[in-house]
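Report on the following structure.
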Amino acid sequence: MEYPDGLHYTKDHEWALEEEGVVTIGITDYAQSELGDVVFVELPEEGTVIKAGEPFGVVESVKSVSDLYTPVSGEVLEINGDLESEPELVNSSCYDAGWMIKIAVSNKKELGELLSADQYADYIKSLK
Amino acid sequence: MKRTVLYDRHVALGARIVPFGGWEMPVQYAGVLAEHEAVRKRAGLFDVCHMGEVFISGPDSTAFVNGIQTNNVAGMAAGQIVYSVLCDEKGNALDDLLVYRMGPQSWLLIVNAGNCEKDYAWMAAHTGGARVTVQNRSADFGLLALQGPKAVAIAAAVITFPKELKYYNFALASFEGAEVIVSRTGYTGEDGVELMIPAEKTVALWDALMAAGKNAGIAPCGLAARDLLRIEAGYSLYGHELEADIDPLTAGLGWVVKMDHEFIGKGALEGLIPARKKIAFTLEGKNIPRQGFTLLVDGVPAGAVTSGTFSPSLQKPIGIGYIAADKGVSPGATIGVDIRGKRAPARVCKLPFINPGVFK
């Protein structure tokens with residue numbers, strides 16, 4: 001399992017990357033591994049305003065379904081349209097080509113409440 | 001939690017292990033979609049050692065076996081297999097099973113892992129003075145399912161059995177001096193065999209099949225692929241389409257309920273008009289119907305999903321469920337599935353969802 005440094009993590013297994021006020025969100029290696037083959041990712045429309053901790057979408061794998069929770073509040077600037085035809089990118093490239101949404105973050109302080117890579121790795125260990 | 005003799009093989013192959021029916025079983029190795037493709041196009045090997053094996057023998061064994069399940073087995077020849085249902089007095093399903101006629105006074109029943117002890121106790125309690133011996137020998141045997149268009153050729157490279165072996169027939173063969181029951185059966189819709197062998201020889205047989213199938217692209221397959229393949233093929237699974245409150249007629253298994261003999265539950269099933277009907281459906285959207293989701297007719301709750309998945313063969317979500325019979329829903333109709341509060345339109349269709357290369 002890989003949890004890259006520089007990303008922020010949630011206990012719901014999303015990651016967040018902040019670059020100049022824009023936060024990219026996806027799910028972690030642990031999450032994609034637990035889900036198994038992803039076959040559909042339901043994402044919000046661009047322009048939707050979402051609140052930290054609330055569901056913004058759904059990821060369906062062959063065997064299970066999970067809500068996606070946003071780690072930070074803000075307006076959805078962009079969704080990853082490639083996931084429409086290639087949902088398997090979530091499995092093969094969860095931190096890169098399998099990203100889900102980009103948000104214009106409304107309160108950067110929310111990032112400070114998230115886990116670091118080391119903290120998240122410890123949290124995963126505690127689940128086992 | 002029990003482990004099969006193949007547990008170490010699964011771990012070495014990188015399987016994800018989950019609890020299932022009291023056993024720690026591999027749910028997937030490379031991934032459910034890759035395993036599904038292996039079985040539909042090449043061959044997949046499944047550890048089904050968790051399944052239960054109950055042997056019944058004795059002078060009254062034929063009458064006894066005929067009386068505890070719904071199919072009529074009296075006319076079966078040695079070497080034949082039938083699918084059947086074990087019912088209680090109310091006609092509800094205790095389990096579904098395969099019945100093997102081993103000889104004139106000798107039978108083998110293969111039952112679900114999670115129901116095996118319950119089934120065995122039920123059978124033992126219903127001998128009613130018949131001259132039979134009922135033995136739960138699940139721990140003595142391993143069971144492997146080799147499925148897919150290349151499965152029979154791979155099996156034939158390892159063990160010798162008649163090539164003309166027919167669907168739902170079995171032959172006795174040998175592997176490293178041990179007797180193997182080779183059945184032309186399976187739970188995927190593909191051609192293939194199921195191999196029953198003494199427990200201590202199971203790992204060697206697994207290894208031999210994996211080696212013999214290497215060039216043909218054999219893949220070890222887990223429970224997730226097994227479930228996906230059986231849903232596409234329209235087979236029932238206990239705990240989903242069959243349950244303690246579902247009778248075989250409601251479950252669409254009337255073809256294995258024969259009223260020309262006496263069996264436990266017959267009185268309840270005779271003349272029964274099911275209040276629910278089993279239906280299959282595909283969805284136009286991409287959300288997957290899951291077990292327990294509500295089925296809607298004209299927007300009103302009328303039933304529930306028993307199994308649902310994403311079909312790689314059809315590239316769309318598919319489901320099976322029960323719906324109130326008086327709604328008159330039949331193939332071609334459009335119904336709804338309540339998927340987390342949203343109504344997803346579904347088109348009712350016939351089972352199976354696909355017609356793979358099943359050998360019959």
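The way I read the labels, and the way they are meant: chains A, B, ... in the order of the structure tokens, residue 1 as the first residue of every chain, and ligand 1 as the first ligand shown, with later ones counted on from there.
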
Counting only C-alpha atoms, give me one row per residue of chain A with an atom at most 7 Å from an atom of chain B, showing the shortest contact pair and its distance in Å to one decimal, sorted by chain then residue number, as a tab-separated table.
```
residue	atom	partner	partner_atom	distance
A:Gly36	CA	B:Gly31	CA	6.7
A:Asp37	CA	B:Gly31	CA	6.5
A:Phe40	CA	B:Lys286	CA	6.4
A:Glu60	CA	B:Asn287	CA	7.0
A:Val62	CA	B:Phe310	CA	5.6
A:Lys63	CA	B:Thr309	CA	6.9
```

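Residues in contact with region 241-251 of chain B at 8 Å, where only C-alpha atoms are counted and same-chain residues fewer than 5 positions away are skipped, are listed as Val85, Cys87, Gly91, Asn92, Ala93, Leu94, Asp95, Asp96, Ser236, Val257, Leu269, Leu272, Pro274, Ala275, Arg276, Lys277, Lys278, Thr306, Ser307, Ile320 and Gly321 of chain B.
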
| Spatial neighbours of region 57-60 of chain B, max dist 12 Å, only C-alpha atoms, sep filter under 2 positions, as a ChimeraX atom specification | /B:54-55,62-67,74,100-109,127-136

Output of the above residues as a PDB file, in the first residue's frame, restricted to N, CA and C atoms:
```
ATOM      1  N   VAL B  54     -22.323 -35.322   1.997  1.00  0.00           N
ATOM      2  CA  VAL B  54     -23.059 -36.248   2.860  1.00  0.00           C
ATOM      3  C   VAL B  54     -23.289 -37.544   2.081  1.00  0.00           C
ATOM      4  N   PHE B  55     -22.834 -38.653   2.642  1.00  0.00           N
ATOM      5  CA  PHE B  55     -23.007 -39.967   2.007  1.00  0.00           C
ATOM      6  C   PHE B  55     -24.174 -40.695   2.658  1.00  0.00           C
ATOM      7  N   THR B  62     -32.437 -45.554  -1.312  1.00  0.00           N
ATOM      8  CA  THR B  62     -33.110 -44.898  -2.439  1.00  0.00           C
ATOM      9  C   THR B  62     -34.423 -44.262  -1.986  1.00  0.00           C
ATOM     10  N   ALA B  63     -35.200 -45.031  -1.212  1.00  0.00           N
ATOM     11  CA  ALA B  63     -36.467 -44.478  -0.723  1.00  0.00           C
ATOM     12  C   ALA B  63     -36.214 -43.298   0.206  1.00  0.00           C
ATOM     13  N   PHE B  64     -35.149 -43.391   1.012  1.00  0.00           N
ATOM     14  CA  PHE B  64     -34.846 -42.315   1.954  1.00  0.00           C
ATOM     15  C   PHE B  64     -34.437 -41.044   1.207  1.00  0.00           C
ATOM     16  N   VAL B  65     -33.510 -41.196   0.259  1.00  0.00           N
ATOM     17  CA  VAL B  65     -33.059 -40.013  -0.501  1.00  0.00           C
ATOM     18  C   VAL B  65     -34.230 -39.412  -1.272  1.00  0.00           C
ATOM     19  N   ASN B  66     -35.068 -40.270  -1.827  1.00  0.00           N
ATOM     20  CA  ASN B  66     -36.218 -39.752  -2.579  1.00  0.00           C
ATOM     21  C   ASN B  66     -37.169 -38.961  -1.683  1.00  0.00           C
ATOM     22  N   GLY B  67     -37.221 -39.336  -0.409  1.00  0.00           N
ATOM     23  CA  GLY B  67     -38.171 -38.710   0.506  1.00  0.00           C
ATOM     24  C   GLY B  67     -37.690 -37.434   1.169  1.00  0.00           C
ATOM     25  N   ALA B  74     -35.473 -41.992  -8.069  1.00  0.00           N
ATOM     26  CA  ALA B  74     -35.587 -43.464  -8.070  1.00  0.00           C
ATOM     27  C   ALA B  74     -35.094 -44.080  -9.373  1.00  0.00           C
ATOM     28  N   TYR B 100     -25.881 -37.270  -6.222  1.00  0.00           N
ATOM     29  CA  TYR B 100     -25.107 -38.193  -7.060  1.00  0.00           C
ATOM     30  C   TYR B 100     -25.552 -39.613  -6.738  1.00  0.00           C
ATOM     31  N   ARG B 101     -25.891 -40.377  -7.791  1.00  0.00           N
ATOM     32  CA  ARG B 101     -26.131 -41.803  -7.521  1.00  0.00           C
ATOM     33  C   ARG B 101     -24.814 -42.547  -7.712  1.00  0.00           C
ATOM     34  N   MET B 102     -24.270 -43.032  -6.601  1.00  0.00           N
ATOM     35  CA  MET B 102     -22.974 -43.710  -6.639  1.00  0.00           C
ATOM     36  C   MET B 102     -23.131 -45.187  -6.989  1.00  0.00           C
ATOM     37  N   GLY B 103     -24.274 -45.778  -6.579  1.00  0.00           N
ATOM     38  CA  GLY B 103     -24.510 -47.199  -6.820  1.00  0.00           C
ATOM     39  C   GLY B 103     -25.947 -47.524  -6.461  1.00  0.00           C
ATOM     40  N   PRO B 104     -26.335 -48.805  -6.549  1.00  0.00           N
ATOM     41  CA  PRO B 104     -27.729 -49.184  -6.278  1.00  0.00           C
ATOM     42  C   PRO B 104     -28.188 -48.738  -4.879  1.00  0.00           C
ATOM     43  N   GLN B 105     -27.281 -48.787  -3.902  1.00  0.00           N
ATOM     44  CA  GLN B 105     -27.652 -48.432  -2.531  1.00  0.00           C
ATOM     45  C   GLN B 105     -26.697 -47.398  -1.955  1.00  0.00           C
ATOM     46  N   SER B 106     -26.252 -46.519  -2.788  1.00  0.00           N
ATOM     47  CA  SER B 106     -25.219 -45.586  -2.347  1.00  0.00           C
ATOM     48  C   SER B 106     -25.391 -44.234  -3.031  1.00  0.00           C
ATOM     49  N   TRP B 107     -25.428 -43.169  -2.224  1.00  0.00           N
ATOM     50  CA  TRP B 107     -25.709 -41.816  -2.716  1.00  0.00           C
ATOM     51  C   TRP B 107     -24.738 -40.818  -2.096  1.00  0.00           C
ATOM     52  N   LEU B 108     -24.482 -39.756  -2.842  1.00  0.00           N
ATOM     53  CA  LEU B 108     -23.677 -38.645  -2.347  1.00  0.00           C
ATOM     54  C   LEU B 108     -24.472 -37.365  -2.558  1.00  0.00           C
ATOM     55  N   LEU B 109     -24.589 -36.570  -1.506  1.00  0.00           N
ATOM     56  CA  LEU B 109     -25.286 -35.298  -1.593  1.00  0.00           C
ATOM     57  C   LEU B 109     -24.280 -34.180  -1.352  1.00  0.00           C
ATOM     58  N   THR B 127     -34.560 -40.179   9.410  1.00  0.00           N
ATOM     59  CA  THR B 127     -34.402 -41.521   8.845  1.00  0.00           C
ATOM     60  C   THR B 127     -35.605 -42.400   9.189  1.00  0.00           C
ATOM     61  N   GLY B 128     -36.265 -42.096  10.302  1.00  0.00           N
ATOM     62  CA  GLY B 128     -37.519 -42.780  10.650  1.00  0.00           C
ATOM     63  C   GLY B 128     -37.431 -44.298  10.626  1.00  0.00           C
ATOM     64  N   GLY B 129     -36.320 -44.841  11.079  1.00  0.00           N
ATOM     65  CA  GLY B 129     -36.188 -46.298  11.148  1.00  0.00           C
ATOM     66  C   GLY B 129     -35.774 -46.963   9.842  1.00  0.00           C
ATOM     67  N   ALA B 130     -35.546 -46.129   8.800  1.00  0.00           N
ATOM     68  CA  ALA B 130     -35.092 -46.707   7.523  1.00  0.00           C
ATOM     69  C   ALA B 130     -33.696 -47.301   7.709  1.00  0.00           C
ATOM     70  N   ARG B 131     -33.416 -48.346   6.929  1.00  0.00           N
ATOM     71  CA  ARG B 131     -32.106 -48.995   7.026  1.00  0.00           C
ATOM     72  C   ARG B 131     -31.106 -48.200   6.173  1.00  0.00           C
ATOM     73  N   VAL B 132     -30.652 -47.095   6.739  1.00  0.00           N
ATOM     74  CA  VAL B 132     -29.695 -46.237   6.030  1.00  0.00           C
ATOM     75  C   VAL B 132     -28.603 -45.764   6.986  1.00  0.00           C
ATOM     76  N   THR B 133     -27.465 -45.467   6.405  1.00  0.00           N
ATOM     77  CA  THR B 133     -26.385 -44.825   7.141  1.00  0.00           C
ATOM     78  C   THR B 133     -26.171 -43.453   6.515  1.00  0.00           C
ATOM     79  N   VAL B 134     -26.243 -42.419   7.337  1.00  0.00           N
ATOM     80  CA  VAL B 134     -26.031 -41.051   6.856  1.00  0.00           C
ATOM     81  C   VAL B 134     -24.730 -40.547   7.464  1.00  0.00           C
ATOM     82  N   GLN B 135     -23.788 -40.185   6.612  1.00  0.00           N
ATOM     83  CA  GLN B 135     -22.476 -39.756   7.107  1.00  0.00           C
ATOM     84  C   GLN B 135     -22.111 -38.396   6.529  1.00  0.00           C
ATOM     85  N   ASN B 136     -21.740 -37.486   7.411  1.00  0.00           N
ATOM     86  CA  ASN B 136     -21.200 -36.202   6.954  1.00  0.00           C
ATOM     87  C   ASN B 136     -19.691 -36.380   6.806  1.00  0.00           C
TER      88      ASN B 136
END
```

| said: With only C-alpha atoms as the counted atoms, please give the residues lying no more than 9 Å from Pro55 (chain A), apart from itself and same-chain residues fewer than 2 positions off, as a PyMOL selection string. | reply: chain A and resi 50-53+57-58+67-70

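Those residues of region 39-93 of chain B that DSSP, working from the backbone, places in strand (DSSP E) are Ala43, Gly44, Leu45, Phe46, Asp47, Gly52, Glu53, Val54, Phe55, Ile56, Ser57, Ile81, Val82, Tyr83, Ser84, Val85, Leu86, Cys87 and Ala93 of chain B.
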
| said: From a backbone DSSP assignment, name each residue in region 44-118 of chain A labelled alpha helix (DSSP H), as a ChimeraX atom specification. | reply: /A:82-85,89-92,109-112,117-118

| task | Name all residues at most 7 Å from Asp140 (chain B) (count only C-alpha atoms; drop same-chain ones fewer than 3 positions away) and give them as a ChimeraX atom specification. | result | /B:137,198-199

The selected residues should be written to file as a short mmCIF file (atom, residue, chain, number, x, y, z; two decimals), in the first residue's frame (atoms: all heavy atoms).
```cif
data_model
loop_
_atom_site.label_atom_id
_atom_site.label_comp_id
_atom_site.auth_asym_id
_atom_site.auth_seq_id
_atom_site.Cartn_x
_atom_site.Cartn_y
_atom_site.Cartn_z
N ARG B 137 -19.23 -36.50 5.57
CA ARG B 137 -17.80 -36.76 5.33
C ARG B 137 -17.11 -35.55 4.71
O ARG B 137 -16.11 -35.69 3.99
CB ARG B 137 -17.64 -38.01 4.45
CG ARG B 137 -18.15 -39.29 5.13
CD ARG B 137 -17.73 -40.53 4.38
NE ARG B 137 -16.28 -40.63 4.29
CZ ARG B 137 -15.64 -41.49 3.49
NH1 ARG B 137 -16.34 -42.28 2.69
NH2 ARG B 137 -14.32 -41.54 3.47
N PRO B 198 -9.84 -37.20 -2.09
CA PRO B 198 -9.51 -37.22 -0.66
C PRO B 198 -8.74 -35.96 -0.26
O PRO B 198 -7.89 -35.47 -1.02
CB PRO B 198 -8.64 -38.47 -0.52
CG PRO B 198 -9.15 -39.39 -1.59
CD PRO B 198 -9.52 -38.49 -2.73
N ALA B 199 -9.07 -35.44 0.92
CA ALA B 199 -8.53 -34.15 1.36
C ALA B 199 -7.01 -34.08 1.23
O ALA B 199 -6.47 -33.06 0.79
CB ALA B 199 -8.95 -33.89 2.81
#
```

8 Å contact set for Gly21 (chain B), only C-alpha atoms, chain neighbours under 5 positions out, as a PDB file with N, CA, C and O atoms, in the first residue's frame:
```pdb
ATOM      1  N   ALA B 113     -21.860 -25.049   2.124  1.00  0.00           N
ATOM      2  CA  ALA B 113     -20.994 -25.037   3.301  1.00  0.00           C
ATOM      3  C   ALA B 113     -21.731 -24.564   4.555  1.00  0.00           C
ATOM      4  O   ALA B 113     -21.701 -25.226   5.592  1.00  0.00           O
ATOM      5  N   GLY B 114     -22.408 -23.429   4.432  1.00  0.00           N
ATOM      6  CA  GLY B 114     -23.039 -22.828   5.603  1.00  0.00           C
ATOM      7  C   GLY B 114     -24.234 -23.613   6.123  1.00  0.00           C
ATOM      8  O   GLY B 114     -24.678 -23.401   7.250  1.00  0.00           O
ATOM      9  N   ASN B 115     -24.765 -24.513   5.289  1.00  0.00           N
ATOM     10  CA  ASN B 115     -25.944 -25.290   5.686  1.00  0.00           C
ATOM     11  C   ASN B 115     -25.616 -26.730   6.042  1.00  0.00           C
ATOM     12  O   ASN B 115     -26.491 -27.490   6.459  1.00  0.00           O
TER      13      ASN B 115
END
```

| task | Pick out the residues sitting within 12 Å of Phe20 (chain B), and hand them over as a ChimeraX atom specification; count only C-alpha atoms, and ignore anything fewer than 3 positions along from it in its own chain. | result | /B:1-4,17,23-27,48,50-51,112-115,222-224,239

| field | Separation of CA of Leu195 (chain B) from CA of Gly254 (chain B), in Å and rounded to one decimal | value |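 Between these atoms lies a distance of 28.0 Å.
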
| In terms of the shortest atom-to-atom distance over only C-alpha atoms, which of A:Tyr9, A:Gly98, A:Pro4, A:Gln119 is closest to Glu86 (chain A)? |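 Once distances to Glu86 (chain A) are computed over only C-alpha atoms, the minimum belongs to A:Gly98.
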
| field | Distance criterion (only C-alpha atoms): nearest to Glu113 (chain A) out of A:Gly81, A:Pro44, A:Pro87, A:Pro71 | value | A:Pro71

| d(CA of Leu237 (chain B), CA of Phe353 (chain B)) in Å |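 Computing it gives 15.5 Å between the two atoms.
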